[in-house]
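Below is the file input.cif, which contains mmCIF, C-alpha atoms.
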data_data
#
loop_
_atom_site.label_atom_id
_atom_site.label_comp_id
_atom_site.auth_asym_id
_atom_site.auth_seq_id
_atom_site.Cartn_x
_atom_site.Cartn_y
_atom_site.Cartn_z
CA MET A 198 -1.07 8.55 -14.27
CA GLY A 199 0.13 11.36 -12.03
CA GLY A 200 3.19 13.52 -12.48
CA THR A 201 5.03 11.90 -9.57
CA THR A 202 4.49 8.42 -11.01
CA THR A 203 5.75 9.53 -14.43
CA ILE A 204 8.88 11.02 -12.88
CA LEU A 205 9.43 7.85 -10.83
CA ILE A 206 9.05 5.59 -13.88
CA PHE A 207 11.48 7.79 -15.83
CA PHE A 208 13.98 7.78 -12.95
CA THR A 209 13.73 3.99 -12.58
CA ALA A 210 14.24 3.54 -16.33
CA MET A 211 17.34 5.75 -16.25
CA VAL A 212 18.80 3.85 -13.29
CA ALA A 213 18.08 0.52 -15.03
CA LEU A 214 19.79 1.81 -18.18
CA LEU A 215 22.81 2.93 -16.16
CA GLY A 216 22.97 -0.53 -14.56
CA LEU A 217 22.86 -2.17 -17.99
CA ILE A 218 25.58 0.12 -19.35
CA THR A 219 27.79 -0.70 -16.34
CA SER A 220 27.16 -4.41 -16.85
CA MET A 221 28.15 -4.14 -20.52
CA ARG A 222 31.41 -2.26 -19.84
CA PRO A 223 32.69 -3.47 -16.44
CA GLU A 224 36.31 -2.82 -17.47
CA PHE A 225 35.66 0.84 -16.60
CA THR A 226 35.76 -0.13 -12.94
CA ALA A 227 39.51 -0.72 -13.12
CA ALA A 228 40.00 3.05 -12.82
CA ARG A 229 39.14 5.01 -9.68
CA GLY A 230 36.47 7.10 -11.41
CA GLY A 231 34.90 3.95 -12.84
CA LYS A 232 34.70 2.40 -9.37
CA ILE A 233 32.88 5.47 -8.05
CA MET A 234 30.52 5.43 -11.02
CA ALA A 235 29.79 1.73 -10.54
CA PHE A 236 29.09 2.32 -6.85
CA VAL A 237 26.61 5.07 -7.69
CA ALA A 238 25.01 3.11 -10.56
CA LEU A 239 24.78 -0.27 -8.82
CA CYS A 240 24.28 0.73 -5.22
CA ILE A 241 23.21 4.29 -4.42
CA LEU A 242 20.74 4.90 -7.27
CA PRO A 243 19.04 1.45 -7.11
CA VAL A 244 18.52 1.88 -3.34
CA LEU A 245 16.98 5.32 -3.95
CA SER A 246 14.81 3.94 -6.73
CA VAL A 247 13.53 1.00 -4.66
CA TRP A 248 12.85 3.28 -1.70
CA ALA A 249 10.83 5.67 -3.89
CA GLY A 250 9.03 2.77 -5.57
CA PHE A 251 8.19 1.20 -2.20
CA HIS A 252 6.82 4.51 -0.94
CA GLU A 253 4.66 4.83 -4.06
CA GLN A 254 3.39 1.24 -3.83
CA VAL A 255 2.51 1.65 -0.15
CA GLU A 256 0.68 4.91 -0.90
CA ARG A 257 -1.28 3.20 -3.68
CA SER A 258 -2.20 0.33 -1.40
CA THR A 259 -4.22 2.78 0.72
CA SER A 260 -6.47 3.70 -2.20
CA THR A 261 -10.09 2.60 -2.51
CA GLN A 262 -9.36 1.43 -6.06
CA PHE A 263 -6.63 -0.89 -4.73
CA CYS A 264 -8.85 -2.42 -2.02
CA LEU A 265 -11.78 -2.96 -4.38
CA SER A 266 -9.70 -4.49 -7.16
CA CYS A 267 -10.10 -7.94 -5.53
CA HIS A 268 -13.42 -9.47 -6.63
CA VAL A 269 -14.35 -10.53 -3.09
CA MET A 270 -14.36 -6.87 -2.02
CA SER A 271 -16.83 -5.71 -4.69
CA SER A 272 -19.85 -6.15 -2.36
CA PHE A 273 -18.11 -4.01 0.24
CA GLY A 274 -17.53 -1.40 -2.45
CA LYS A 275 -21.21 -1.53 -3.39
CA SER A 276 -22.16 -0.94 0.24
CA LEU A 277 -20.48 2.48 -0.02
CA THR A 278 -23.08 3.63 -2.53
CA VAL A 279 -26.22 2.11 -1.02
CA ASP A 280 -28.99 4.70 -0.88
CA ASP A 281 -29.60 4.39 2.85
CA LYS A 282 -27.92 6.68 5.34
CA SER A 283 -28.27 4.14 8.15
CA PHE A 284 -25.39 2.27 6.49
CA ILE A 285 -22.41 3.85 8.26
CA PRO A 286 -19.86 3.40 5.44
CA ALA A 287 -22.36 4.73 2.86
CA ALA A 288 -23.12 7.83 4.95
CA HIS A 289 -19.39 8.52 5.38
CA PHE A 290 -18.50 7.89 1.73
CA GLN A 291 -21.37 9.79 0.15
CA ASN A 292 -21.06 12.85 2.42
CA ASN A 293 -17.27 13.09 2.12
CA PHE A 294 -16.79 12.38 5.83
CA VAL A 295 -13.87 10.28 4.57
CA PRO A 296 -11.82 10.97 1.43
CA ARG A 297 -13.48 8.88 -1.28
CA ASP A 298 -10.22 7.80 -2.86
CA HIS A 299 -8.96 6.45 0.51
CA ALA A 300 -12.30 5.43 2.03
CA CYS A 301 -11.41 1.87 3.12
CA PHE A 302 -8.05 2.75 4.66
CA THR A 303 -9.37 5.78 6.55
CA CYS A 304 -11.68 3.64 8.66
CA HIS A 305 -9.73 0.37 8.69
CA THR A 306 -6.32 1.61 9.78
CA ASP A 307 -5.47 1.73 13.49
CA TYR A 308 -4.87 5.23 14.77
CA THR A 309 -1.91 4.20 16.91
CA MET A 310 1.85 4.67 16.57
CA PHE A 311 2.31 1.61 14.36
CA GLY A 312 -1.30 1.38 13.20
CA ASP A 313 -0.54 2.04 9.54
CA TYR A 314 2.08 -0.73 9.51
CA LYS A 315 -0.32 -3.16 11.20
CA ALA A 316 -2.96 -2.32 8.60
CA LYS A 317 -0.42 -2.87 5.82
CA TRP A 318 0.59 -6.21 7.31
CA ARG A 319 -3.06 -7.29 7.38
CA GLY A 320 -3.34 -6.10 3.78
CA VAL A 321 -0.34 -8.23 2.74
CA HIS A 322 -2.04 -11.21 4.40
CA HIS A 323 -5.24 -10.48 2.41
CA VAL A 324 -3.30 -10.27 -0.86
CA ILE A 325 -1.63 -13.63 -0.14
CA VAL A 326 -5.04 -15.21 0.58
CA GLN A 327 -6.40 -13.66 -2.63
CA TYR A 328 -3.76 -15.32 -4.81
CA PHE A 329 -2.62 -18.39 -2.87
CA GLY A 330 -5.35 -19.19 -0.35
CA LYS A 331 -9.04 -20.03 -0.12
CA ILE A 332 -11.12 -16.90 -0.66
CA PRO A 333 -14.07 -16.68 1.76
CA LYS A 334 -17.57 -15.54 0.75
CA PRO A 335 -18.06 -11.78 1.24
CA GLU A 336 -20.65 -12.33 3.99
CA ASP A 337 -18.20 -14.55 5.90
CA ILE A 338 -15.52 -11.86 6.06
CA LYS A 339 -15.29 -10.48 9.59
CA LEU A 340 -12.92 -8.12 11.41
CA TYR A 341 -10.06 -9.78 13.29
CA THR A 342 -11.01 -7.89 16.46
CA PRO A 343 -14.13 -5.88 17.36
CA TYR A 344 -14.08 -2.41 15.81
CA ASN A 345 -12.35 -0.01 18.18
CA ASN A 346 -14.10 3.32 18.95
CA ARG A 347 -10.67 4.94 18.74
CA GLU A 348 -10.98 4.83 14.94
CA CYS A 349 -14.36 6.66 15.04
CA LEU A 350 -13.20 9.19 17.63
CA HIS A 351 -10.10 10.02 15.63
CA CYS A 352 -12.44 12.29 13.63
CA HIS A 353 -15.59 12.60 15.74
CA ALA A 354 -14.07 13.41 19.15
CA GLY A 355 -14.58 17.07 19.90
CA ALA A 356 -17.04 17.58 17.05
CA ARG A 357 -20.15 19.47 18.16
CA SER A 358 -22.41 17.06 16.26
CA TYR A 359 -20.91 14.23 18.31
CA GLU A 360 -20.53 15.88 21.70
CA GLU A 361 -23.99 17.52 21.78
CA ALA A 362 -26.15 14.88 20.09
CA SER A 363 -29.01 13.99 22.45
CA SER A 364 -28.64 10.31 21.53
CA HIS A 365 -25.11 10.46 23.00
CA HIS A 366 -26.44 11.62 26.40
CA LYS A 367 -28.93 8.85 27.17
CA THR A 368 -26.82 8.17 30.26
CA PRO A 369 -24.49 10.72 31.91
CA ASP A 370 -21.38 8.59 31.33
CA MET A 371 -22.14 7.60 27.75
CA LEU A 372 -19.41 9.69 26.10
CA ALA A 373 -16.86 8.62 28.69
CA LYS A 374 -17.70 4.96 28.13
CA ALA A 375 -17.45 5.41 24.37
CA ALA A 376 -14.07 7.12 24.77
CA SER A 377 -12.75 4.24 26.86
CA ASN A 378 -14.16 1.71 24.35
CA GLN A 379 -16.43 0.17 27.02
CA LEU A 380 -19.47 1.05 24.94
CA SER A 381 -19.00 0.17 21.29
CA CYS A 382 -20.26 2.64 18.69
CA THR A 383 -20.97 -0.12 16.19
CA SER A 384 -22.24 -3.02 18.27
CA SER A 385 -24.31 -1.50 21.06
CA GLY A 386 -27.47 -1.20 19.00
CA CYS A 387 -26.78 2.37 17.82
CA HIS A 388 -24.65 2.45 14.66
CA ASP A 389 -24.80 -1.26 13.99
CA ILE A 390 -25.58 -1.25 10.26
CA VAL A 391 -22.15 -1.28 8.73
CA HIS A 392 -21.35 -3.01 5.41
CA ASN A 393 -24.03 -5.74 5.85
CA VAL A 394 -23.13 -7.19 2.45
CA GLY A 395 -25.67 -9.99 2.88
CA ASP A 396 -28.55 -7.47 2.89
CA LEU A 397 -27.71 -5.60 -0.33
CA GLY A 398 -29.92 -7.73 -2.58
CA ASP A 399 -32.99 -5.43 -2.39
CA ALA A 400 -31.08 -2.20 -1.86
CA THR A 401 -31.11 0.79 -4.19
CA PHE A 402 -27.86 2.55 -4.97
CA TRP A 403 -26.74 6.14 -5.26
CA THR A 404 -24.72 7.22 -8.28
CA PRO A 405 -22.29 10.12 -7.79
CA LYS A 406 -22.93 13.00 -10.18
CA ALA A 407 -20.20 13.65 -12.69
CA ASP A 408 -17.64 16.24 -11.66
CA PRO A 409 -18.91 19.59 -13.10
CA GLN A 410 -15.29 20.53 -13.96
CA MET B 58 42.48 -13.13 -13.21
CA THR B 59 41.12 -11.18 -10.21
CA GLN B 60 40.20 -8.28 -12.47
CA ARG B 61 38.24 -10.65 -14.72
CA LEU B 62 36.42 -12.10 -11.74
CA ILE B 63 35.37 -8.69 -10.45
CA GLU B 64 34.25 -7.68 -13.94
CA ARG B 65 32.14 -10.82 -14.26
CA ARG B 66 30.51 -10.11 -10.91
CA ILE B 67 29.85 -6.50 -11.82
CA ARG B 68 28.32 -7.70 -15.08
CA TRP B 69 25.95 -9.96 -13.15
CA SER B 70 25.24 -7.26 -10.60
CA GLY B 71 24.24 -4.83 -13.36
CA ARG B 72 22.00 -7.40 -15.02
CA LEU B 73 20.23 -8.32 -11.79
CA THR B 74 19.77 -4.68 -10.75
CA ALA B 75 18.46 -3.67 -14.18
CA ALA B 76 16.07 -6.66 -14.28
CA GLY B 77 14.71 -5.74 -10.83
CA LEU B 78 14.30 -2.10 -11.79
CA ILE B 79 12.49 -3.03 -15.01
CA VAL B 80 10.07 -5.18 -13.00
CA GLN B 81 9.62 -2.27 -10.58
CA MET B 82 8.96 0.09 -13.49
CA LEU B 83 6.30 -2.23 -14.92
CA THR B 84 4.55 -2.58 -11.55
CA LEU B 85 4.22 1.20 -11.38
CA LEU B 86 2.01 1.17 -14.47
CA ALA B 87 -0.91 -0.46 -12.60
CA THR B 88 -2.63 0.07 -9.24
CA HIS B 89 -3.37 -3.54 -8.39
CA PRO B 90 -2.47 -6.02 -5.61
CA LEU B 91 -0.67 -8.20 -8.16
CA ALA B 92 1.58 -5.25 -9.03
CA PHE B 93 2.37 -4.83 -5.31
CA ILE B 94 3.20 -8.54 -4.98
CA CYS B 95 5.44 -8.45 -8.09
CA PHE B 96 7.23 -5.39 -6.75
CA ALA B 97 7.79 -6.91 -3.30
CA MET B 98 8.52 -10.51 -4.29
CA VAL B 99 10.31 -10.13 -7.65
CA GLY B 100 11.57 -6.56 -8.15
CA CYS B 101 13.00 -5.90 -4.68
CA PRO B 102 14.82 -9.27 -4.33
CA LEU B 103 16.39 -8.87 -7.79
CA VAL B 104 17.68 -5.37 -7.01
CA GLY B 105 18.79 -6.53 -3.55
CA ALA B 106 20.68 -9.46 -5.08
CA GLY B 107 22.34 -7.14 -7.62
CA ILE B 108 23.50 -4.78 -4.89
CA LEU B 109 24.78 -7.67 -2.75
CA VAL B 110 26.72 -9.17 -5.67
CA PHE B 111 28.30 -5.77 -6.34
CA LEU B 112 29.25 -5.22 -2.71
CA TYR B 113 30.60 -8.77 -2.46
CA SER B 114 32.74 -8.21 -5.53
CA LEU B 115 34.22 -5.08 -3.90
CA VAL B 116 34.86 -6.78 -0.58
CA GLU B 117 36.49 -9.81 -2.15
CA HIS B 118 38.57 -7.67 -4.46
CA GLN B 119 39.90 -5.76 -1.44
CA ALA B 120 40.65 -9.01 0.39
CA VAL B 121 42.72 -10.50 -2.47
#
Once you've parsed the file, please lay out its structure as structure tokens.
Amino acid sequence: MGGTTTILIFFTAMVALLGLITSMRPEFTAARGGKIMAFVALCILPVLSVWAGFHEQVERSTSTQFCLSCHVMSSFGKSLTVDDKSFIPAAHFQNNFVPRDHACFTCHTDYTMFGDYKAKWRGVHHVIVQYFGKIPKPEDIKLYTPYNNRECLHCHAGARSYEEASSHHKTPDMLAKAASNQLSCTSSGCHDIVHNVGDLGDATFWTPKADPQ
Amino acid sequence: MTQRLIERRIRWSGRLTAAGLIVQMLTLLATHPLAFICFAMVGCPLVGAGILVFLYSLVEHQAV
């Protein structure tokens, strides 16, 4: 548990205690000072506490641990460690092209003005299905819309390895078409091995070495 | 009579707010979708209800 979480838990406990004390001695509110104290204890501090808690919960919901805590996602988690660099998520995860502790969110958010909120809304829908709906088989899980190149180019655009790769100059307008999403990175026969959870049966897996520190 | 009513409402407001905050505190102990759901569907509404009861008690007390 991190320092911020500990502080937040302590703060929430103190605010809850203050609320309980106010509820046990409401006669204090007859005086002016008591009214001010009740307003702080039952309005200002709880709002602050909920806001901080919400921020923390939202931040946690972007973690790889959070995404993979649903059983149906375990195959997708396994695909991050498959020992085959043609698997796009595995290559990104194992080479730190994405932060490992936020691997899912980094690729599956939309890099638009309200992209994070849209991703969160989809996440809420997934959580509801997990607990109250019919959970599909991992191999039946598909994206709502085709994967947008914008998410790839958020990191790769401008990178020398992307701009100068000979495979990206098979036609003169290839990069322009990729930038305008006319030519999909993941479904035009180039980088089309993504999670492929149905093909992991015979795969071998990479195990990260323990942190030397 | 009015003072008793406002005190009763403040008592309920404090209980609801504290209950919501305790739920929120417990959800912070785990990184799990169920914790998120409990926070959003139990903790937040309880705190929200507590705050609303408190504000209502103030408004009605002013009106009387």
Exercise. So which residues get picked by the PyMOL selection byres ((chain A and resi 267-274) around 7) here, written as a PyMOL selection string?
Worked result: chain A and resi 264-266+275-277+335+392+394
Exercise. What is the atom CA of Phe284 of chain A-atom CA of His365 of chain A distance in Å, reported with one decimal?
Worked result: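 Going from atom CA of Phe284 of chain A over to atom CA of His365 of chain A, I get 18.4 Å.
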Quick one: axis-aligned box around all listed atoms of segment 271-283 of chain A, 3 Å on every side, centre and edge lengths in Å to one decimal, written as JSON.
{"center_x": -23.2, "center_y": 0.3, "center_z": 1.7, "size_x": 18.8, "size_y": 18.8, "size_z": 18.8}
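Picture a line from atom CA of Phe311 of chain A to atom CA of Glu348 of chain A; it runs 13.7 Å.
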Problem set entry | atom CA of Ser258 of chain A to atom CA of Ile332 of chain A, straight-line distance in Å |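 Taking atom CA of Ile332 of chain A and atom CA of Ser258 of chain A, their separation equals 19.4 Å.
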Problem set entry | Selection: 12 Å around Ser114 of chain B, only C-alpha atoms, excl. self and same-chain fewer than 4 positions, as a PyMOL selection string | (chain A and resi 223+226+232+235-236+239) or (chain B and resi 59-70+107-110+118-121)
For this session: Identify all residues satisfying the PyMOL selection byres ((chain B and resi 104) around 7) in the given file; provide them as a list in words.
Result: Pro243 of chain A; Leu73, Thr74, Gly77, Leu78, Gly100, Cys101, Pro102, Leu103, Gly105, Ala106, Gly107 and Ile108 of chain B
